[in-house]
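Asker: So that you have it, the file is model.txt, and it contains compact mmCIF, C-alpha atoms:
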# COMPACT_ATOMS: atom_id res chain seq x y z
CA MET A 1 -160.59 170.42 59.02
CA ALA A 2 -157.08 170.67 60.41
CA ASP A 3 -155.58 174.10 60.97
CA PRO A 4 -155.36 175.53 57.44
CA LYS A 5 -152.66 177.96 58.54
CA THR A 6 -149.22 176.55 57.89
CA PRO A 7 -145.96 178.36 57.22
CA ARG A 8 -146.70 177.94 53.52
CA THR A 9 -150.16 179.52 53.73
CA THR A 10 -149.43 182.21 56.30
CA VAL A 11 -149.85 185.68 54.87
CA THR A 12 -146.54 187.45 55.40
CA ARG A 13 -147.24 190.81 53.75
CA GLN A 14 -150.04 192.89 55.26
CA ARG A 15 -150.70 190.24 57.84
CA ASP A 16 -153.87 191.98 59.01
CA ARG A 17 -155.44 190.93 55.70
CA GLY A 18 -154.88 187.23 56.37
CA ARG A 19 -157.86 185.06 57.31
CA TYR A 20 -157.74 181.40 58.18
CA ASP A 21 -161.29 180.56 59.21
CA ARG A 22 -163.19 178.04 57.20
CA ASP A 23 -166.27 180.24 56.66
CA THR A 24 -164.26 182.99 55.01
CA ILE A 25 -162.42 180.54 52.76
CA ASN A 26 -165.61 178.64 51.83
CA ALA A 27 -167.53 181.83 51.03
CA ILE A 28 -164.83 182.92 48.58
CA VAL A 29 -164.69 179.48 46.95
CA ASP A 30 -168.47 179.36 46.62
CA GLU A 31 -168.97 182.84 45.21
CA ALA A 32 -166.26 182.60 42.55
CA LEU A 33 -167.14 181.08 39.19
CA ILE A 34 -163.57 180.15 38.33
CA CYS A 35 -160.30 179.30 40.02
CA HIS A 36 -156.71 179.41 38.77
CA VAL A 37 -154.86 176.11 39.10
CA GLY A 38 -151.07 176.18 39.39
CA PHE A 39 -148.82 173.18 38.78
CA SER A 40 -145.28 172.64 37.52
CA VAL A 41 -144.01 170.42 34.73
CA ASN A 42 -140.26 170.10 34.27
CA GLY A 43 -139.72 173.13 36.49
CA GLN A 44 -142.06 175.35 34.47
CA PRO A 45 -145.13 176.53 36.37
CA TYR A 46 -148.44 176.75 34.54
CA VAL A 47 -151.55 178.57 35.71
CA ILE A 48 -154.81 177.51 34.11
CA PRO A 49 -158.29 178.94 34.73
CA THR A 50 -161.07 176.44 35.23
CA THR A 51 -164.42 176.00 36.94
CA HIS A 52 -164.74 174.36 40.32
CA ALA A 53 -167.26 173.33 42.95
CA ARG A 54 -166.99 172.72 46.67
CA VAL A 55 -168.73 169.90 48.54
CA GLY A 56 -167.81 170.10 52.22
CA ASP A 57 -164.02 170.04 52.41
CA HIS A 58 -163.66 168.80 48.85
CA LEU A 59 -162.86 171.07 45.94
CA TYR A 60 -163.69 169.45 42.61
CA ILE A 61 -162.34 170.39 39.22
CA HIS A 62 -162.93 168.53 35.98
CA GLY A 63 -162.11 168.43 32.33
CA SER A 64 -161.46 166.20 29.37
CA VAL A 65 -159.40 163.08 30.00
CA GLY A 66 -157.11 164.57 27.31
CA SER A 67 -156.44 167.72 29.33
CA ARG A 68 -152.74 168.35 29.89
CA MET A 69 -153.47 169.95 33.25
CA LEU A 70 -155.52 167.05 34.57
CA LYS A 71 -153.13 164.42 33.22
CA ASN A 72 -150.33 166.10 35.13
CA MET A 73 -152.34 166.66 38.28
CA LYS A 74 -153.46 163.03 38.38
CA GLN A 75 -149.87 162.01 38.91
CA GLY A 76 -150.05 163.40 42.43
CA ILE A 77 -147.97 166.53 42.00
CA PRO A 78 -148.32 169.50 44.38
CA VAL A 79 -150.83 172.07 43.18
CA CYS A 80 -152.04 175.50 44.22
CA VAL A 81 -155.59 176.58 43.55
CA THR A 82 -156.19 180.31 43.87
CA ILE A 83 -159.57 182.00 43.81
CA THR A 84 -159.91 185.75 43.57
CA LEU A 85 -162.90 188.07 43.81
CA LEU A 86 -162.36 191.68 42.89
CA ASP A 87 -164.56 194.03 44.93
CA GLY A 88 -163.33 197.51 44.13
CA LEU A 89 -160.68 199.96 43.06
CA VAL A 90 -159.08 201.81 45.96
CA LEU A 91 -158.12 205.23 44.66
CA ALA A 92 -155.81 207.05 47.01
CA ARG A 93 -154.32 210.55 46.94
CA SER A 94 -150.87 209.19 46.13
CA ALA A 95 -149.90 206.66 43.44
CA PHE A 96 -148.20 204.56 46.10
CA HIS A 97 -151.32 203.98 48.20
CA HIS A 98 -153.56 202.86 45.36
CA SER A 99 -154.90 199.40 45.98
CA MET A 100 -157.80 197.10 45.32
CA ASN A 101 -160.47 195.64 47.52
CA TYR A 102 -160.56 191.91 47.04
CA ARG A 103 -161.11 188.53 48.65
CA SER A 104 -158.76 185.72 47.65
CA ALA A 105 -158.18 182.17 48.78
CA VAL A 106 -155.12 180.01 48.24
CA ILE A 107 -155.39 176.24 48.64
CA LEU A 108 -152.32 173.98 48.57
CA GLY A 109 -152.36 170.24 48.21
CA VAL A 110 -152.22 167.19 46.01
CA ALA A 111 -155.30 166.39 43.93
CA GLN A 112 -156.63 162.87 43.54
CA GLU A 113 -158.65 161.46 40.71
CA VAL A 114 -162.24 160.55 41.54
CA THR A 115 -162.80 157.01 40.31
CA GLY A 116 -166.03 155.98 42.04
CA GLU A 117 -169.02 156.55 39.77
CA ASP A 118 -171.27 157.86 42.56
CA GLU A 119 -168.79 160.52 43.67
CA LYS A 120 -168.08 161.37 40.05
CA ARG A 121 -171.78 161.93 39.35
CA SER A 122 -172.18 163.97 42.54
CA ALA A 123 -169.20 166.10 41.56
CA PHE A 124 -170.67 166.60 38.08
CA ASN A 125 -173.93 167.83 39.59
CA ALA A 126 -172.07 170.07 42.03
CA LEU A 127 -170.06 171.59 39.17
CA VAL A 128 -173.21 172.42 37.19
CA ASN A 129 -175.16 173.64 40.23
CA HIS A 130 -172.22 175.77 41.35
CA VAL A 131 -172.70 177.83 38.19
CA VAL A 132 -176.52 177.97 38.26
CA PRO A 133 -178.27 176.62 41.38
CA GLY A 134 -180.60 173.77 40.50
CA ARG A 135 -179.46 173.56 36.89
CA SER A 136 -178.55 169.85 37.02
CA ALA A 137 -182.22 168.92 37.52
CA ASP A 138 -183.24 170.75 34.32
CA VAL A 139 -180.74 169.24 31.89
CA ARG A 140 -179.78 165.83 30.59
CA ALA A 141 -177.34 164.14 32.98
CA ALA A 142 -174.02 162.82 31.73
CA ASP A 143 -174.26 159.42 30.06
CA ALA A 144 -171.73 156.62 30.50
CA GLN A 145 -169.62 157.78 27.56
CA GLU A 146 -169.51 161.40 28.77
CA LEU A 147 -168.54 160.29 32.26
CA LYS A 148 -165.74 158.19 30.79
CA ALA A 149 -164.50 161.11 28.71
CA THR A 150 -164.23 163.33 31.76
CA SER A 151 -161.67 163.37 34.54
CA VAL A 152 -162.78 164.67 37.92
CA LEU A 153 -160.17 165.58 40.51
CA ARG A 154 -160.65 166.16 44.21
CA LEU A 155 -158.51 168.47 46.30
CA ILE A 156 -159.07 168.46 50.04
CA ILE A 157 -159.32 171.98 51.43
CA GLU A 158 -156.93 171.52 54.29
CA GLU A 159 -153.93 173.81 53.91
CA ALA A 160 -155.43 177.12 52.89
CA SER A 161 -155.61 180.81 53.60
CA ALA A 162 -157.63 183.80 52.56
CA LYS A 163 -156.65 187.41 52.15
CA VAL A 164 -159.17 190.21 52.31
CA ARG A 165 -158.88 193.95 51.81
CA ARG A 166 -161.84 196.23 52.15
CA GLY A 167 -162.59 199.80 53.03
CA PRO A 168 -161.30 203.19 51.91
CA PRO A 169 -157.76 204.12 50.88
CA ILE A 170 -155.21 204.65 53.64
CA ASP A 171 -153.21 207.69 52.67
CA ALA A 172 -150.09 209.14 54.22
CA GLU A 173 -151.26 211.68 56.80
CA GLU A 174 -149.85 214.70 54.97
CA ASP A 175 -151.59 213.67 51.74
CA TYR A 176 -155.08 214.15 53.18
CA ALA A 177 -154.58 217.86 52.47
CA LEU A 178 -154.39 217.17 48.71
CA THR A 179 -157.48 218.19 46.76
CA CYS A 180 -157.84 215.25 44.37
CA TRP A 181 -160.78 212.90 44.64
CA ALA A 182 -160.16 209.73 46.62
CA GLY A 183 -162.37 206.81 47.49
CA VAL A 184 -163.51 203.40 46.36
CA LEU A 185 -165.08 202.40 43.08
CA PRO A 186 -167.00 199.18 43.81
CA LEU A 187 -166.75 196.40 41.22
CA GLN A 188 -168.96 193.39 40.76
CA LEU A 189 -169.38 190.67 38.19
CA MET A 190 -172.89 191.30 36.86
CA ALA A 191 -175.12 189.28 34.58
CA GLY A 192 -176.69 190.86 31.52
CA HIS A 193 -179.87 189.72 29.77
CA PRO A 194 -179.98 186.01 28.94
CA ILE A 195 -179.46 185.30 25.23
CA ASP A 196 -181.61 182.48 23.87
CA ASP A 197 -179.77 179.75 22.00
CA PRO A 198 -180.41 180.26 18.27
CA ARG A 199 -182.05 176.84 18.08
CA LEU A 200 -184.23 177.29 21.17
CA GLU A 201 -187.93 176.74 20.59
CA PHE A 202 -189.67 180.11 20.59
CA GLY A 203 -191.32 180.90 23.89
CA THR A 204 -189.21 178.61 26.07
CA PRO A 205 -189.15 180.40 29.43
CA VAL A 206 -185.87 181.49 30.99
CA PRO A 207 -185.49 179.73 34.37
CA SER A 208 -185.73 182.14 37.28
CA ALA A 209 -182.25 181.16 38.52
CA VAL A 210 -180.95 182.50 35.19
CA ALA A 211 -183.31 185.46 34.81
CA THR A 212 -182.47 186.81 38.28
CA TYR A 213 -178.86 185.63 38.31
CA ARG A 214 -176.57 187.05 40.94
CA ARG A 215 -173.54 185.54 42.61
CA GLN A 216 -174.12 185.14 46.31
CA ARG A 217 -172.13 187.62 48.32
CA PRO A 218 -171.80 187.64 52.07
CA PRO A 219 -174.02 190.21 53.78
CA SER A 220 -171.07 192.00 55.34
CA ASP A 221 -169.84 195.25 53.85
CA ILE A 222 -167.22 194.41 51.27
CA ASP A 223 -166.71 197.81 49.70
CA MET B 1 -142.11 189.93 19.02
CA ALA B 2 -140.99 186.42 18.18
CA ASP B 3 -143.58 183.78 17.46
CA PRO B 4 -145.42 183.46 20.78
CA LYS B 5 -146.58 179.96 19.88
CA THR B 6 -144.22 177.34 21.24
CA PRO B 7 -144.92 173.74 22.22
CA ARG B 8 -145.39 174.99 25.78
CA THR B 9 -147.96 177.61 24.83
CA THR B 10 -149.79 175.69 22.13
CA VAL B 11 -153.40 175.01 23.06
CA THR B 12 -153.84 171.24 22.87
CA ARG B 13 -157.45 170.89 24.00
CA GLN B 14 -160.09 172.56 21.82
CA ARG B 15 -157.43 173.82 19.48
CA ASP B 16 -159.90 176.02 17.63
CA ARG B 17 -160.01 178.22 20.73
CA GLY B 18 -156.26 178.94 20.59
CA ARG B 19 -155.09 182.38 19.44
CA TYR B 20 -151.53 183.47 19.02
CA ASP B 21 -151.77 186.95 17.54
CA ARG B 22 -150.41 189.84 19.48
CA ASP B 23 -153.56 191.96 19.24
CA THR B 24 -155.71 189.32 20.89
CA ILE B 25 -153.19 188.73 23.66
CA ASN B 26 -152.65 192.47 24.26
CA ALA B 27 -156.39 193.21 24.38
CA ILE B 28 -156.89 190.59 27.10
CA VAL B 29 -153.91 191.87 29.11
CA ASP B 30 -155.13 195.46 28.82
CA GLU B 31 -158.75 194.84 29.74
CA ALA B 32 -158.05 192.71 32.81
CA LEU B 33 -157.50 194.45 36.14
CA ILE B 34 -155.57 191.57 37.66
CA CYS B 35 -153.41 188.64 36.65
CA HIS B 36 -152.50 185.42 38.45
CA VAL B 37 -148.76 184.83 38.80
CA GLY B 38 -147.51 181.26 39.12
CA PHE B 39 -144.07 180.30 40.43
CA SER B 40 -142.59 177.36 42.29
CA VAL B 41 -140.55 177.28 45.48
CA ASN B 42 -139.07 173.96 46.59
CA GLY B 43 -141.34 172.14 44.16
CA GLN B 44 -144.53 173.74 45.51
CA PRO B 45 -146.33 175.95 43.00
CA TYR B 46 -147.95 179.17 44.24
CA VAL B 47 -150.49 181.27 42.38
CA ILE B 48 -150.87 184.85 43.55
CA PRO B 49 -153.26 187.50 42.20
CA THR B 50 -151.79 190.92 41.54
CA THR B 51 -152.23 193.99 39.37
CA HIS B 52 -150.27 194.48 36.18
CA ALA B 53 -149.73 196.89 33.31
CA ARG B 54 -148.46 196.45 29.77
CA VAL B 55 -146.13 198.83 27.97
CA GLY B 56 -145.41 197.49 24.49
CA ASP B 57 -144.04 193.99 24.93
CA HIS B 58 -143.36 194.49 28.62
CA LEU B 59 -145.67 193.28 31.34
CA TYR B 60 -144.98 194.99 34.66
CA ILE B 61 -145.96 193.79 38.09
CA HIS B 62 -144.96 195.36 41.38
CA GLY B 63 -145.19 195.05 45.11
CA SER B 64 -143.39 195.58 48.35
CA VAL B 65 -139.70 194.71 48.43
CA GLY B 66 -140.74 192.37 51.26
CA SER B 67 -143.11 190.39 49.04
CA ARG B 68 -142.34 186.67 49.03
CA MET B 69 -143.55 186.40 45.45
CA LEU B 70 -141.32 189.19 44.15
CA LYS B 71 -138.29 188.05 46.16
CA ASN B 72 -138.61 184.63 44.55
CA MET B 73 -139.28 185.94 41.07
CA LYS B 74 -136.29 188.27 41.18
CA GLN B 75 -134.04 185.24 41.37
CA GLY B 76 -134.80 184.51 37.74
CA ILE B 77 -137.11 181.52 38.15
CA PRO B 78 -139.58 180.51 35.43
CA VAL B 79 -142.99 182.07 35.90
CA CYS B 80 -146.41 181.85 34.31
CA VAL B 81 -148.73 184.84 34.25
CA THR B 82 -152.34 184.03 33.43
CA ILE B 83 -155.05 186.58 32.75
CA THR B 84 -158.68 185.58 32.51
CA LEU B 85 -161.79 187.50 31.50
CA LEU B 86 -165.12 185.83 32.08
CA ASP B 87 -167.69 186.80 29.45
CA GLY B 88 -170.64 184.51 30.05
CA LEU B 89 -172.20 181.29 31.26
CA VAL B 90 -172.90 178.83 28.46
CA LEU B 91 -175.96 176.85 29.51
CA ALA B 92 -176.50 173.80 27.36
CA ARG B 93 -179.25 171.18 27.28
CA SER B 94 -176.95 168.55 28.79
CA ALA B 95 -174.73 168.86 31.86
CA PHE B 96 -171.76 167.73 29.77
CA HIS B 97 -171.93 170.59 27.28
CA HIS B 98 -172.12 173.38 29.83
CA SER B 99 -169.25 175.79 29.38
CA MET B 100 -168.19 179.40 29.83
CA ASN B 101 -167.39 182.14 27.40
CA TYR B 102 -164.04 183.61 28.29
CA ARG B 103 -160.83 185.12 27.01
CA SER B 104 -157.61 184.07 28.69
CA ALA B 105 -153.93 184.67 28.08
CA VAL B 106 -150.98 182.66 29.36
CA ILE B 107 -147.52 184.20 29.34
CA LEU B 108 -144.40 182.17 30.18
CA GLY B 109 -140.99 183.57 30.93
CA VAL B 110 -138.48 184.77 33.46
CA ALA B 111 -139.10 188.14 35.08
CA GLN B 112 -136.37 190.68 35.63
CA GLU B 113 -136.18 193.38 38.23
CA VAL B 114 -136.41 196.94 36.94
CA THR B 115 -133.53 198.85 38.46
CA GLY B 116 -133.38 202.04 36.34
CA GLU B 117 -135.27 204.87 38.01
CA ASP B 118 -136.80 206.15 34.77
CA GLU B 119 -138.25 202.79 33.81
CA LYS B 120 -139.38 202.23 37.36
CA ARG B 121 -141.25 205.54 37.37
CA SER B 122 -142.78 204.82 33.96
CA ALA B 123 -143.91 201.42 35.16
CA PHE B 124 -145.43 203.01 38.27
CA ASN B 125 -147.42 205.41 36.12
CA ALA B 126 -148.48 202.62 33.78
CA LEU B 127 -149.67 200.55 36.74
CA VAL B 128 -151.83 203.39 38.07
CA ASN B 129 -153.12 204.41 34.64
CA HIS B 130 -153.92 200.80 33.78
CA VAL B 131 -156.50 200.88 36.56
CA VAL B 132 -157.90 204.36 35.85
CA PRO B 133 -156.74 206.11 32.67
CA GLY B 134 -155.02 209.40 33.47
CA ARG B 135 -155.03 208.82 37.22
CA SER B 136 -151.26 209.27 37.66
CA ALA B 137 -151.55 212.95 36.68
CA ASP B 138 -154.11 213.61 39.44
CA VAL B 139 -152.28 212.12 42.40
CA ARG B 140 -148.99 212.57 44.20
CA ALA B 141 -146.23 210.64 42.46
CA ALA B 142 -144.08 208.18 44.37
CA ASP B 143 -141.28 209.79 46.35
CA ALA B 144 -137.77 208.39 46.66
CA GLN B 145 -138.61 206.36 49.74
CA GLU B 146 -141.73 204.84 48.18
CA LEU B 147 -139.80 203.93 45.04
CA LYS B 148 -137.17 202.26 47.18
CA ALA B 149 -139.80 200.30 49.09
CA THR B 150 -141.27 198.91 45.87
CA SER B 151 -139.98 196.21 43.58
CA VAL B 152 -141.00 196.39 39.94
CA LEU B 153 -140.56 193.34 37.73
CA ARG B 154 -140.65 193.17 33.96
CA LEU B 155 -141.73 190.11 32.01
CA ILE B 156 -141.31 190.21 28.26
CA ILE B 157 -144.44 189.06 26.45
CA GLU B 158 -142.73 186.67 24.08
CA GLU B 159 -143.91 183.12 24.69
CA ALA B 160 -147.65 183.45 25.07
CA SER B 161 -151.01 182.23 23.92
CA ALA B 162 -154.64 183.14 24.27
CA LYS B 163 -157.72 180.99 24.43
CA VAL B 164 -161.14 182.33 23.54
CA ARG B 165 -164.59 180.78 23.67
CA ARG B 166 -167.65 182.68 22.57
CA GLY B 167 -171.06 182.01 21.18
CA PRO B 168 -173.96 179.73 22.11
CA PRO B 169 -173.79 176.22 23.59
CA ILE B 170 -172.97 173.36 21.24
CA ASP B 171 -175.29 170.53 22.18
CA ALA B 172 -175.33 166.94 20.98
CA GLU B 173 -177.66 166.83 17.99
CA GLU B 174 -180.28 164.65 19.67
CA ASP B 175 -180.43 167.00 22.68
CA TYR B 176 -181.81 169.90 20.64
CA ALA B 177 -185.19 168.19 21.00
CA LEU B 178 -185.12 168.69 24.79
CA THR B 179 -187.40 171.41 26.07
CA CYS B 180 -185.18 173.05 28.70
CA TRP B 181 -183.97 176.60 28.22
CA ALA B 182 -180.49 176.93 26.73
CA GLY B 183 -178.41 179.93 25.85
CA VAL B 184 -175.79 182.32 27.17
CA LEU B 185 -175.93 184.51 30.24
CA PRO B 186 -173.47 187.35 29.58
CA LEU B 187 -171.23 188.41 32.46
CA GLN B 188 -169.26 191.57 32.91
CA LEU B 189 -167.30 193.23 35.68
CA MET B 190 -169.28 196.39 36.33
CA ALA B 191 -168.53 199.45 38.42
CA GLY B 192 -171.01 200.69 40.99
CA HIS B 193 -171.31 204.24 42.32
CA PRO B 194 -168.05 205.77 43.54
CA ILE B 195 -167.82 205.96 47.34
CA ASP B 196 -166.15 209.11 48.63
CA ASP B 197 -163.30 208.59 51.07
CA PRO B 198 -164.60 209.42 54.57
CA ARG B 199 -161.98 212.17 54.86
CA LEU B 200 -162.67 213.69 51.43
CA GLU B 201 -163.49 217.38 51.46
CA PHE B 202 -167.22 217.78 50.81
CA GLY B 203 -167.97 218.66 47.21
CA THR B 204 -164.77 217.29 45.67
CA PRO B 205 -165.86 216.24 42.18
CA VAL B 206 -165.51 212.61 41.07
CA PRO B 207 -163.20 212.51 38.01
CA SER B 208 -165.06 211.54 34.85
CA ALA B 209 -162.77 208.51 34.32
CA VAL B 210 -164.11 207.21 37.64
CA ALA B 211 -167.72 208.39 37.29
CA THR B 212 -168.13 206.73 33.87
CA TYR B 213 -165.81 203.81 34.57
CA ARG B 214 -165.93 200.88 32.21
CA ARG B 215 -163.23 198.41 31.20
CA GLN B 216 -162.43 198.69 27.53
CA ARG B 217 -163.74 195.72 25.60
CA PRO B 218 -163.07 194.93 21.97
CA PRO B 219 -165.91 195.89 19.63
CA SER B 220 -166.35 192.33 18.39
CA ASP B 221 -169.17 190.22 19.74
CA ILE B 222 -167.92 188.38 22.76
CA ASP B 223 -171.14 186.85 23.99
Transcribe the structure of this file into structure tokens.
Answerer:
Amino acid sequence: MADPKTPRTTVTRQRDRGRYDRDTINAIVDEALICHVGFSVNGQPYVIPTTHARVGDHLYIHGSVGSRMLKNMKQGIPVCVTITLLDGLVLARSAFHHSMNYRSAVILGVAQEVTGEDEKRSAFNALVNHVVPGRSADVRAADAQELKATSVLRLIIEEASAKVRRGPPIDAEEDYALTCWAGVLPLQLMAGHPIDDPRLEFGTPVPSAVATYRRQRPPSDID
Amino acid sequence: MADPKTPRTTVTRQRDRGRYDRDTINAIVDEALICHVGFSVNGQPYVIPTTHARVGDHLYIHGSVGSRMLKNMKQGIPVCVTITLLDGLVLARSAFHHSMNYRSAVILGVAQEVTGEDEKRSAFNALVNHVVPGRSADVRAADAQELKATSVLRLIIEEASAKVRRGPPIDAEEDYALTCWAGVLPLQLMAGHPIDDPRLEFGTPVPSAVATYRRQRPPSDID
């Protein structure tokens, strides 16, 4: 892709946290289950959470054709999609130096509606498989009516940046003499035990992708 | 507060998921560690993740006086603050009926800068205690220079709505005959083991609010 770092996506505060490489941005997009989509209507910004999936440089989001967000976005207005992963609480010795460890990505652009049926079906599968790998093969695919009832939008990941904080608190030098506890409390989105649908036939096995569910995290230290 | 339900905050899709009562909105705001702030500059929306704290009807956010987001917001532009809690994956028998269980809140308004030192200090404490209850009493409070270096903004929670999905998948009637597994995989942000700061004096005890950390969730079933 083109250089994702533009004046609009350049991190200006805590510049050392800014990342502009595609791998970092993609890893954040792929790990997160949801994104927050920002758009303005009549000067009022709205921020709406929704699911997403990435295929190469394309970020797909979808929803009902009746969705206010998608109806607005289809008109070709500028949008901002932000994806945030919270990795830990950074508990310093002073109130001022408290922080969080996180990885976030900000993508700017104009979304376009996917009209081709093949791309729409691929995006559908990607959206389901983004949540649970391989799930689309286990379930009934969308029929013609369901496809028609759904809008799929494509945003090209082109102008984007990531911001990453990790590691321990950074206290003011004189505060290291204070006796309070300081450190990092790691946080992670964890899956509990799968809950069978009330109408599930008794004994239906839980797929292993669900039973051992875990969002993929990069192998690097992120605490 | 005034009726938080306005045409701009009325849930139009899946209306049965819309909630407008203050308790529901407050519980979402209080449980979440971060919010996503939306604002527009020159027609381009931006969505930025940040921490927040609620005191009564006031939602506080803060950051460096150099923050682009806060500099823009201080000018009295319309903003949207969205808070999302992900509670589970809803895995249906058809791709189309896949969903997520979540609780989200959307707050619209115009933020104002907090200039009074007392309110600024209270907001500081609320922001730290929102993350770890009681933490502000254990750490060094902000000094005059740190207060000066920080902007605090107040948004009144007035025009707001929540959206909540919970429970099992809702499949098309004919799909209940399919044999694939269906149900809910609960998700929760969980804390790991606290990691001592590398410069912490050996043997400093971990405060119990950190050692037993858990975000407060409402007692109702949210799976």
Asker: Restricting the calculation to all atoms listed in the file: of A:Asp87, A:Glu159, A:Glu146, A:Glu31, which residue gets closest to Asp57 in chain A?
Answerer: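 Ranking A:Asp87, A:Glu159, A:Glu146, A:Glu31 by distance to Asp57 in chain A, first place goes to A:Glu159.
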Asker: Neighbours of Thr10 in chain A within 10 Å (all atoms listed in the file; same-chain residues fewer than 6 positions away dropped), as a list in words?
Answerer: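 Answer for this query is Pro4, Gly18, Arg19, Tyr20, Glu159, Ala160, Ser161, Ala162 and Lys163 of chain A.
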Asker: Considering all atoms listed in the file, state which residue in the set A:Asp16, A:Asp138, A:Asp196, A:Asp30 is at the smallest distance from Cys180 in chain B.
Answerer: A:Asp138
Asker: Could you check how far CA of Leu89 in chain B sits from CA of Asn129 in chain A, in Å to one decimal?
Answerer: 12.2 Å
Asker: Find the residues near Ala123 in chain B: any atom within 9 Å, counting only C-alpha atoms, skip ones fewer than 4 places away on the same chain, and give them as an MDAnalysis selection string.
Answerer: chainID B and resid 53:55 60:62 114 118:119 127:128 152 154
Asker: Please produce a file of the residues just selected, as a CSV table (one decimal), keeping the file's coordinate frame, where the atoms kept are C-alpha atoms.
Answerer:
chain,number,residue,atom,x,y,z
B,53,ALA,CA,-149.7,196.9,33.3
B,54,ARG,CA,-148.5,196.4,29.8
B,55,VAL,CA,-146.1,198.8,28.0
B,60,TYR,CA,-145.0,195.0,34.7
B,61,ILE,CA,-146.0,193.8,38.1
B,62,HIS,CA,-145.0,195.4,41.4
B,114,VAL,CA,-136.4,196.9,36.9
B,118,ASP,CA,-136.8,206.2,34.8
B,119,GLU,CA,-138.2,202.8,33.8
B,127,LEU,CA,-149.7,200.6,36.7
B,128,VAL,CA,-151.8,203.4,38.1
B,152,VAL,CA,-141.0,196.4,39.9
B,154,ARG,CA,-140.6,193.2,34.0
Asker: Check the smallest atom-to-atom distance from each of A:Asn26, A:Thr204, A:Gln145, A:Thr9 to chain B using only C-alpha atoms, then report the winner.
Answerer: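 Nearest to chain B: A:Thr204.
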Asker: If you count only C-alpha atoms, which residues fall within 12 Å of Arg8 in chain B, apart from same-chain ones fewer than 6 positions away, as a compact mmCIF listing (two decimals) with C-alpha atoms, in the frame of the given file?
Answerer:
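Result went into selection_5.txt, see below:
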# COMPACT_ATOMS: atom_id res chain seq x y z
CA SER A 40 -145.28 172.64 37.52
CA VAL A 41 -144.01 170.42 34.73
CA ASN A 42 -140.26 170.10 34.27
CA GLN A 44 -142.06 175.35 34.47
CA PRO A 45 -145.13 176.53 36.37
CA TYR A 46 -148.44 176.75 34.54
CA ARG A 68 -152.74 168.35 29.89
CA CYS B 80 -146.41 181.85 34.31
CA VAL B 106 -150.98 182.66 29.36
CA ILE B 107 -147.52 184.20 29.34
CA LEU B 108 -144.40 182.17 30.18
CA GLY B 109 -140.99 183.57 30.93
CA GLU B 159 -143.91 183.12 24.69
CA ALA B 160 -147.65 183.45 25.07
CA SER B 161 -151.01 182.23 23.92
Asker: Which residue is closest to Thr84 in chain A? Choose from A:Ile48, A:Val132, A:Leu189, A:Ala105 and count all atoms listed in the file.
Answerer: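 Answer, going by the shortest atom-to-atom distance: A:Ala105.
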